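Single-structure report; data block below.
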Amino acid sequence: MSQQVYFFGEGRADGNAEMRNLLGGKGANLAEMTNLGLPVPPGFTIGTDVCTSYYDQGGDHLPEGLEEACRTAVARVEKILGHRFGDREHPLLFSVRSGARVSMPGMMDTVLNLGLNDETVEGMASATGNPRFAYDSYRRFIQMFGNVVLDVDGARFEHALDAMKAARGTTQDTDLEADDLRELIGQYKAIVREEAGRDFPQDPWQQLWDAVMAVFRSWNNDRAIHYRAMHGYADEWGTAVNVQSMVFGNMGDDCATGVAFTRDPSTGENLFYGEYLINAQGEDVVAGVRTPRPVRAQAGVDDSLEQVMPEVYAELMQVVEKLEDHYRDMLDLEFTIQNNKLWMLQVRTGKRTGVAAVRIAVEMVEEDAIDTRTAVSRVEPEQLDQLLHPMIDPKAKVQVVAEGLPASPGAVSGAIAFTAEEAVQARAEGRDVLLVRRETSPEDIAGMEAAVGILTQRGGMTSHAAVVARGMGKCCVAGCGQLQIDEAGGSLKIGDRIYTRNDHLTLNGSTGQVIEGEVPTLPPSLDDNFRKLMEWANEFRSLNVRTNADTPADSELARSFGAEGIGLCRTEHMFFGEERIAAVREMIVSRTEDQREKALAKLLPFQMEDFEGIFTAMTGLPVTVRLLDPPLHEFLPHDAAEIDRLAMELGVEKSEMHAIVESLAEFNPMLGHRGCRLGVTYPEIYSMQAEAIIRAACRVKKAGHDPRPEIMIPLVGIDNELDRMRAVVQAKAEQILAEEGVKVDYLVGTMIEIPRACVTADEIAKKADFFSFGTNDLTQMGFGFSRDDAGSFLPSYVSGGILPSDPFQSLDQNGIGKLIEMAIELGRAENAHLHLGVCGEHGGDPDSVHFFHRAGLDYVSCSPYRVPIAILAAAQAALADSASAVATA
């Protein structure tokens with residue numbers, strides 16, 4: 001292989017921040033901080049390509065040449081620090097950490113204090129004059145190495161530690177004496193021997209090789225695989241391994257460890273935020289084992305880092321200012337203080353909530369730190385979804401039973417789930433639950449995703465629960481010390497109140513409050529920062545964004561979010577009101593055209609009323625109305641008693657009604673008598689709907705508004721189908737316009753959702769004013785997957801690498817995408833004025849939006865709450881297109 005190891009130390013590094021794909025984010029930023037002259041403990045990074053090579057050769061031994069390269073790098077660290085790896089008197093210790101190209105907090109493995117054994121621990125005790133520190137470091141190392149490398153159940157070590165603390169009458173690790181820790185080391189080694197079937201390794205070099213391979217293996221542990229699938233990260237990336245000389249925050253009261261953010265990760269406020277622990281190592285902060293203290297002084301706090309170690313705090317603030325000025329972004333920092341000396345262990349772009357992401361982007365533009373292009377590119381479109389989450393209704397009467405830290409905003413209610421497995425099961429059953437844990441760990445990732453909110457007893461704003469919840473956009477309250485959780489017994493005690501799995505709580509992630517029962521919420525209000533970001537996005541995008549809406553209320557909501565019209569108004573959704581469904585059923589059971597038209601006449605005023613409201617809400621903007629699409633049997637009951645009742649209501653013999661229902665049943669209704677096939681068989685249905693649309697548009701026009709109807713014929717696969725249905729619609733439309741004496745411009749087009757329509761799009765385009773791609777059905781028919789049944793096997797396809805993602809959630813660009821591209825090319829070649837859009841759920845998926853931009857569509861359409869997401873994704877697609885053009889120029 002080419003270079004496998006990249007050194008950093010003494011102000012020089014082999015890498016830099018641009019090399020994250022090779023060095024991982026952590027390694028690249030360690031190199032960058034070193035090059036900036038910041039205090040970084042020396043070490044080296046093993047590249048991600050070595051990880052992929054490790055797997056390519058079987059995953060059971062290190063690639064050739066790596067051990068020699070590591071020995072050379074270790075020698076360089078030894079020369080800088082004056083300590084030697086494995087030396088009995090002045091031992092050099094290392095941390096071994098993972099580091100993917102993107103942040104995956106807690107998903108992979110870390111080993112600290114590597115290099116300790118029965119001999120070097122005594123040398124460390126003697127050299128530091130602090131036996132307690134040495135033994136504490138050794139017992140931590142045995143625990144981490146035993147769990148991560150040797151696969152020993154970590155609970156075994158925790159139980160031994162708890163028993164030792166109980167025997168000494170304390171609840172704090174820091175109260176244990178050196179002799180207690182020495183005894184604990186013996187117990188830990190016995191646990192390793194019992195669980196792993198081997199003695200704890202004493203050779204430091206073997207410890208290093210084993211730890212590196214363990215980190216490589218952790219790339220494919222269950223939680224890392226799940227996290228990658230959740231965020232769409234590629235399995236083939238691999239992880240780097242960072243081997244860095246140890247500095248110690250657990251040597252005494254002049255030592256500490258902490259995590260900080262250059263701005264508040266929950267709100268985005270330009271206020272340095274961090275937490276730290278005296279006499280601790282880094283995992284103590286993020287694991288939530290002890291509740292940390294604030295770095296910055298604040299009201300009611302007398303033990304902040306600023307107060308306890310003011311000189312170190314001042315130096316830290318200088319580092320923070322330098323790093324944010326350099327990276328021009330909000331950063332997440334890890335630091336350790338050893339004997340009052342500051343060391344920087346990590347810097348990375350900080351995970352943040354959607355609210356924070358928008359505020360930081362806008363305020364950094366106002367501070368002249370970045371430009372508007374960067375601001376628009378920096379906010380993940382999906383993060384905007386978090387801004388649209390509800391909040392507690394201030395008028396609601398609430399019973400606050402506990403209060404923790406406001407780790408991730410929003411307001412959610414749910415039943416209590418005590419384990420990740422319970423949460424996953426509940427979601428599968430369609431129930432909302434809150435995951436309630438002492439503290440979360442990476443093993444809980446599936447449950448955290450399944451739950452609507454997360455509540456923890458321990459941990460701070462930088463704990464695993466807080467960081468992961470913010471990344472997911474989940475409401476989270478952390479560090480709620482009043483909780484007493486009995487997982488085995490299935491109960492939660494707060495004060496004198498006891499709750500079980502069937503009880504509901506509400507979390508207010510913006511205040512940290514835990515509230516009894518279910519509480520009313522209000523929709524969120526969007527602030528000026530959101531509006532500014534959307535204004536900038538609108539300046540850059542070329543793809544229009546419409547909404548899928550069937551009511552005036554949804555239309556108004558979507559318009560307030562920036563929708564530029566309606567791309568899909570489903571008329572069948574208007575048929576299920578009590579009076580309306582009766583008329584629909586009367587139409588279905590009609591035996592003659594006259595009977596059907598009489599029933600349809602009852603529906604006409606209802607349809608007109610709906611369209612008037614929608615056209616008014618969308619005045620000046622296009623409204624695409626899809627004519628009746630689903631098969632008629634969906635409007636009829638299927639229970640025998642209900643069929644009998646319907647027969648009585650309609651004055652039909654029971655036997656005849658049962659025969660009608662039976663006659664409408666189909667083996668495969670999604671491919672049956674639906675869409676334009678209904679219109680061909682019963683043209684009076686589409687004629688009535690065309691009358692309702694055009695007459696409503698005329699009335700709205702007379703009221704001083706500007707209706708712009710677009711009538712869409714669904715499920716066309718043959719040009720003659722559209723030709724016939726267009727004739728029906730146009731005949732009725734022209735008749736109504738003549739009667740009303742009003743001029744209303746309208747379009748007639750079709751939904752492209754059948755593969756045959758894509759390959760014959762040139763023929764269909766001759767008769768269409770527009771195409772709207774119905775990507776839900778197009779995906780279903782293109783793959784031969786049933787949307788209703790694919791859930792039984794699609795997860796296996798995705799987890800097994802057969803498909804990169806669920807094609808019903810993110811467009812299959814290599815297959816279905818080619819059908820769309822073919823239809824675009826054929827359609828526009830025949831009809832240069834053809835309007836092109838998409839109205840499937842893919843219209844609100846950012847990756848799919850990028851494809852639609854590249855394909856040259858005029859618009860996408862999505863649900864109202866996805867409109868801001870689609871707008872931002874469209875802007876980012878245009879910016880990416882522009883950047884690509886510049887790069888190739």
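Residues in the structure tokens are numbered from 1 in each chain, the chains being A, B, ... in the order shown, and ligands are numbered from 1 in the order shown.
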Q: Step one, run DSSP on the backbone; step two, keep only residues of segment 133-258 of chain A assigned to helix (DSSP H, G or I); then write them as a ChimeraX atom specification.
A: /A:133-148,154-167,173-175,178-196,204-218,222-231,235-237
Q) Could you pull the residues within 6 Å of Gly447 of chain A, counting only C-alpha atoms, minus those fewer than 6 positions along the same chain, as a ChimeraX atom specification? A) /A:420,423-424
Q: Write out as an MDAnalysis selection string the residues lying within 8 Å of segment 308-316 of chain A, counting only C-alpha atoms and excluding same-chain residues fewer than 4 positions away.
A: chainID A and resid 295 303:304 320 340:342
Q: Step one, run DSSP on the backbone; step two, keep only residues of segment 247-468 of chain A assigned to strand (DSSP E or B); then write them as JSON, numbers by chain.
A: {"A": [256, 257, 258, 259, 260, 261, 273, 274, 275, 276, 277, 278, 293, 294, 331, 332, 333, 334, 335, 336, 337, 338, 341, 342, 343, 344, 345, 346, 347, 348, 349, 391, 392, 400, 401, 402, 403, 405, 406, 407, 408, 411, 412, 413, 414, 415, 416, 417, 433, 434, 435, 436, 437, 453, 454, 455, 456]}
Q.
Env of segment 114-127 of chain A: 8 Å cut, atoms = only C-alpha atoms, seq-sep filter 5 positions within chain, self excluded. Answer as JSON, numbers by chain.
A. {"A": [85, 86, 87, 88, 89, 90, 91, 92, 93, 94, 95, 96, 132, 133, 134, 135, 138, 141, 201, 202, 203, 204, 205, 207, 208]}
**Q.** Test item: residues at most 12 Å from Ala768 of chain A, only C-alpha atoms, excluding those fewer than 3 positions along its chain, as a ChimeraX atom specification
**A.** /A:710-713,716,719-727,747-752,761-765,771-772,827-828,830-836
Those selected residues, please, written with N, CA, C and O atoms and delivered as a compact mmCIF listing (two decimals), in the first residue's frame.
# COMPACT_ATOMS: atom_id res chain seq x y z
N GLU A 710 -55.46 23.38 -13.20
CA GLU A 710 -54.80 22.42 -14.08
C GLU A 710 -55.47 21.07 -13.80
O GLU A 710 -55.42 20.59 -12.67
N ILE A 711 -56.08 20.49 -14.81
CA ILE A 711 -56.85 19.26 -14.62
C ILE A 711 -56.00 18.07 -15.05
O ILE A 711 -55.51 18.02 -16.19
N MET A 712 -55.81 17.13 -14.11
CA MET A 712 -54.88 16.02 -14.36
C MET A 712 -55.64 14.70 -14.47
O MET A 712 -56.40 14.32 -13.57
N ILE A 713 -55.42 14.01 -15.59
CA ILE A 713 -56.01 12.70 -15.83
C ILE A 713 -55.04 11.64 -15.30
O ILE A 713 -53.90 11.56 -15.76
N VAL A 716 -52.69 7.30 -16.96
CA VAL A 716 -52.66 7.15 -18.41
C VAL A 716 -51.45 6.33 -18.83
O VAL A 716 -50.32 6.60 -18.40
N ASP A 719 -51.89 6.80 -25.24
CA ASP A 719 -52.22 8.15 -25.66
C ASP A 719 -53.70 8.32 -25.94
O ASP A 719 -54.29 9.39 -25.70
N ASN A 720 -54.35 7.26 -26.43
CA ASN A 720 -55.78 7.36 -26.73
C ASN A 720 -56.63 7.52 -25.47
O ASN A 720 -57.73 8.09 -25.52
N GLU A 721 -56.14 7.02 -24.34
CA GLU A 721 -56.86 7.24 -23.08
C GLU A 721 -56.92 8.73 -22.77
O GLU A 721 -57.97 9.28 -22.44
N LEU A 722 -55.77 9.40 -22.89
CA LEU A 722 -55.74 10.83 -22.61
C LEU A 722 -56.55 11.60 -23.65
O LEU A 722 -57.25 12.56 -23.32
N ASP A 723 -56.46 11.18 -24.89
CA ASP A 723 -57.20 11.85 -25.96
C ASP A 723 -58.70 11.84 -25.66
O ASP A 723 -59.38 12.87 -25.75
N ARG A 724 -59.21 10.67 -25.25
CA ARG A 724 -60.64 10.56 -24.98
C ARG A 724 -61.05 11.36 -23.74
O ARG A 724 -62.06 12.05 -23.74
N MET A 725 -60.26 11.27 -22.68
CA MET A 725 -60.60 11.96 -21.44
C MET A 725 -60.44 13.47 -21.58
O MET A 725 -61.18 14.25 -20.99
N ARG A 726 -59.46 13.90 -22.37
CA ARG A 726 -59.29 15.34 -22.60
C ARG A 726 -60.51 15.90 -23.30
O ARG A 726 -60.98 17.01 -23.00
N ALA A 727 -61.04 15.13 -24.24
CA ALA A 727 -62.22 15.58 -24.98
C ALA A 727 -63.41 15.76 -24.04
O ALA A 727 -64.17 16.74 -24.14
N LEU A 747 -55.40 24.20 -17.93
CA LEU A 747 -54.57 23.21 -18.63
C LEU A 747 -55.14 21.82 -18.39
O LEU A 747 -55.80 21.57 -17.38
N VAL A 748 -54.87 20.92 -19.32
CA VAL A 748 -55.24 19.52 -19.15
C VAL A 748 -53.98 18.69 -19.40
O VAL A 748 -53.34 18.82 -20.45
N GLY A 749 -53.65 17.89 -18.43
CA GLY A 749 -52.45 17.06 -18.56
C GLY A 749 -52.65 15.72 -17.92
O GLY A 749 -53.78 15.30 -17.62
N THR A 750 -51.56 15.03 -17.67
CA THR A 750 -51.68 13.67 -17.13
C THR A 750 -50.60 13.37 -16.11
O THR A 750 -49.53 14.01 -16.11
N MET A 751 -50.90 12.41 -15.28
CA MET A 751 -49.91 11.92 -14.33
C MET A 751 -49.18 10.75 -15.00
O MET A 751 -49.80 9.80 -15.47
N ILE A 752 -47.86 10.85 -15.02
CA ILE A 752 -47.05 9.78 -15.60
C ILE A 752 -46.63 8.85 -14.47
O ILE A 752 -45.75 9.18 -13.66
N ALA A 761 -43.90 8.53 -24.12
CA ALA A 761 -44.19 9.91 -23.70
C ALA A 761 -44.31 10.86 -24.88
O ALA A 761 -45.01 11.88 -24.80
N ASP A 762 -43.63 10.56 -25.99
CA ASP A 762 -43.74 11.44 -27.16
C ASP A 762 -45.15 11.43 -27.72
O ASP A 762 -45.69 12.48 -28.12
N GLU A 763 -45.79 10.26 -27.71
CA GLU A 763 -47.16 10.16 -28.21
C GLU A 763 -48.14 10.85 -27.26
O GLU A 763 -49.05 11.57 -27.67
N ILE A 764 -47.94 10.63 -25.95
CA ILE A 764 -48.84 11.21 -24.95
C ILE A 764 -48.69 12.73 -24.90
O ILE A 764 -49.67 13.46 -24.70
N ALA A 765 -47.45 13.22 -25.12
CA ALA A 765 -47.18 14.66 -25.04
C ALA A 765 -47.94 15.46 -26.09
O ALA A 765 -48.21 16.66 -25.91
N PHE A 771 -47.00 17.13 -17.87
CA PHE A 771 -46.78 15.84 -17.24
C PHE A 771 -46.50 16.08 -15.76
O PHE A 771 -45.72 16.97 -15.41
N SER A 772 -47.10 15.26 -14.92
CA SER A 772 -46.73 15.25 -13.50
C SER A 772 -46.38 13.81 -13.14
O SER A 772 -47.23 12.93 -13.26
N GLY A 827 -40.98 13.61 -24.26
CA GLY A 827 -42.09 14.54 -24.17
C GLY A 827 -41.73 15.92 -24.69
O GLY A 827 -42.49 16.53 -25.47
N ARG A 828 -40.58 16.44 -24.27
CA ARG A 828 -40.19 17.79 -24.69
C ARG A 828 -39.80 17.84 -26.16
O ARG A 828 -39.94 18.89 -26.80
N GLU A 830 -41.34 16.35 -28.47
CA GLU A 830 -42.60 16.43 -29.22
C GLU A 830 -43.40 17.69 -28.89
O GLU A 830 -44.13 18.21 -29.73
N ASN A 831 -43.24 18.19 -27.64
CA ASN A 831 -44.03 19.34 -27.20
C ASN A 831 -43.11 20.27 -26.40
O ASN A 831 -42.88 20.06 -25.21
N ALA A 832 -42.60 21.27 -27.05
CA ALA A 832 -41.62 22.17 -26.43
C ALA A 832 -42.21 22.97 -25.29
O ALA A 832 -41.47 23.48 -24.43
N HIS A 833 -43.54 23.09 -25.25
CA HIS A 833 -44.19 23.89 -24.21
C HIS A 833 -44.70 23.02 -23.06
O HIS A 833 -45.44 23.51 -22.20
N LEU A 834 -44.32 21.77 -23.05
CA LEU A 834 -44.80 20.84 -22.03
C LEU A 834 -44.26 21.22 -20.64
O LEU A 834 -43.05 21.37 -20.45
N HIS A 835 -45.17 21.40 -19.67
CA HIS A 835 -44.75 21.64 -18.28
C HIS A 835 -44.48 20.30 -17.61
O HIS A 835 -45.22 19.34 -17.81
N LEU A 836 -43.43 20.26 -16.77
CA LEU A 836 -43.03 18.99 -16.15
C LEU A 836 -42.87 19.15 -14.64
O LEU A 836 -42.19 20.07 -14.16
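Considering the residues A:Glu684, A:Asp175, A:Glu382, A:Glu753 and counting only C-alpha atoms, Gln595 of chain A has its shortest atom-to-atom contact with A:Glu684.
Using only C-alpha atoms, the shortest contact distance between Ile225 of chain A and any of A:Glu487, A:Asp179, A:Glu443, A:Glu564 is found at A:Glu443.
Going from atom CA of His61 of chain A to atom CA of Val74 of chain A covers 19.9 Å.
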Q. Which neighbours of segment 589-593 of chain A fall inside 10 Å, counting only C-alpha atoms, when residues of the same chain fewer than 6 positions from it are skipped, and could you give them as a ChimeraX atom specification?
A. /A:599,636,647,650,652,656-657,660-661,682-684
Q) Hey, which of A:Ile185, A:Ile142, A:Ile869, A:Leu794 ends up closest to Asp847 of chain A? Count only C-alpha atoms. A) A:Ile869
Q.
Ranking A:Gly562, A:Gly146, A:Gly479, A:Gly856 by minimum distance to Asp210 of chain A and counting only C-alpha atoms, which one comes first?
A. A:Gly146
What's the 6 Å shell around Val5 of chain A, counting only C-alpha atoms, without same-chain residues fewer than 2 positions away, as a PDB file with N, CA and C atoms, in the first residue's frame?
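Contents of around.pdb, freshly written:
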ATOM      1  N   GLN A   3       1.149   5.300   1.543  1.00  0.00           N
ATOM      2  CA  GLN A   3       1.266   5.728   2.938  1.00  0.00           C
ATOM      3  C   GLN A   3       0.059   5.253   3.753  1.00  0.00           C
ATOM      4  N   THR A  45      -2.442   8.928  12.635  1.00  0.00           N
ATOM      5  CA  THR A  45      -3.726   8.452  12.136  1.00  0.00           C
ATOM      6  C   THR A  45      -3.492   7.374  11.086  1.00  0.00           C
ATOM      7  N   ILE A  46      -4.190   6.269  11.232  1.00  0.00           N
ATOM      8  CA  ILE A  46      -4.180   5.196  10.239  1.00  0.00           C
ATOM      9  C   ILE A  46      -5.358   5.453   9.297  1.00  0.00           C
TER      10      ILE A  46
END
Q: Work out how far atom CA of Thr291 of chain A is from atom CA of Val514 of chain A, in Å to one decimal.
A: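 Atom CA of Val514 of chain A sits 18.2 Å away from atom CA of Thr291 of chain A.
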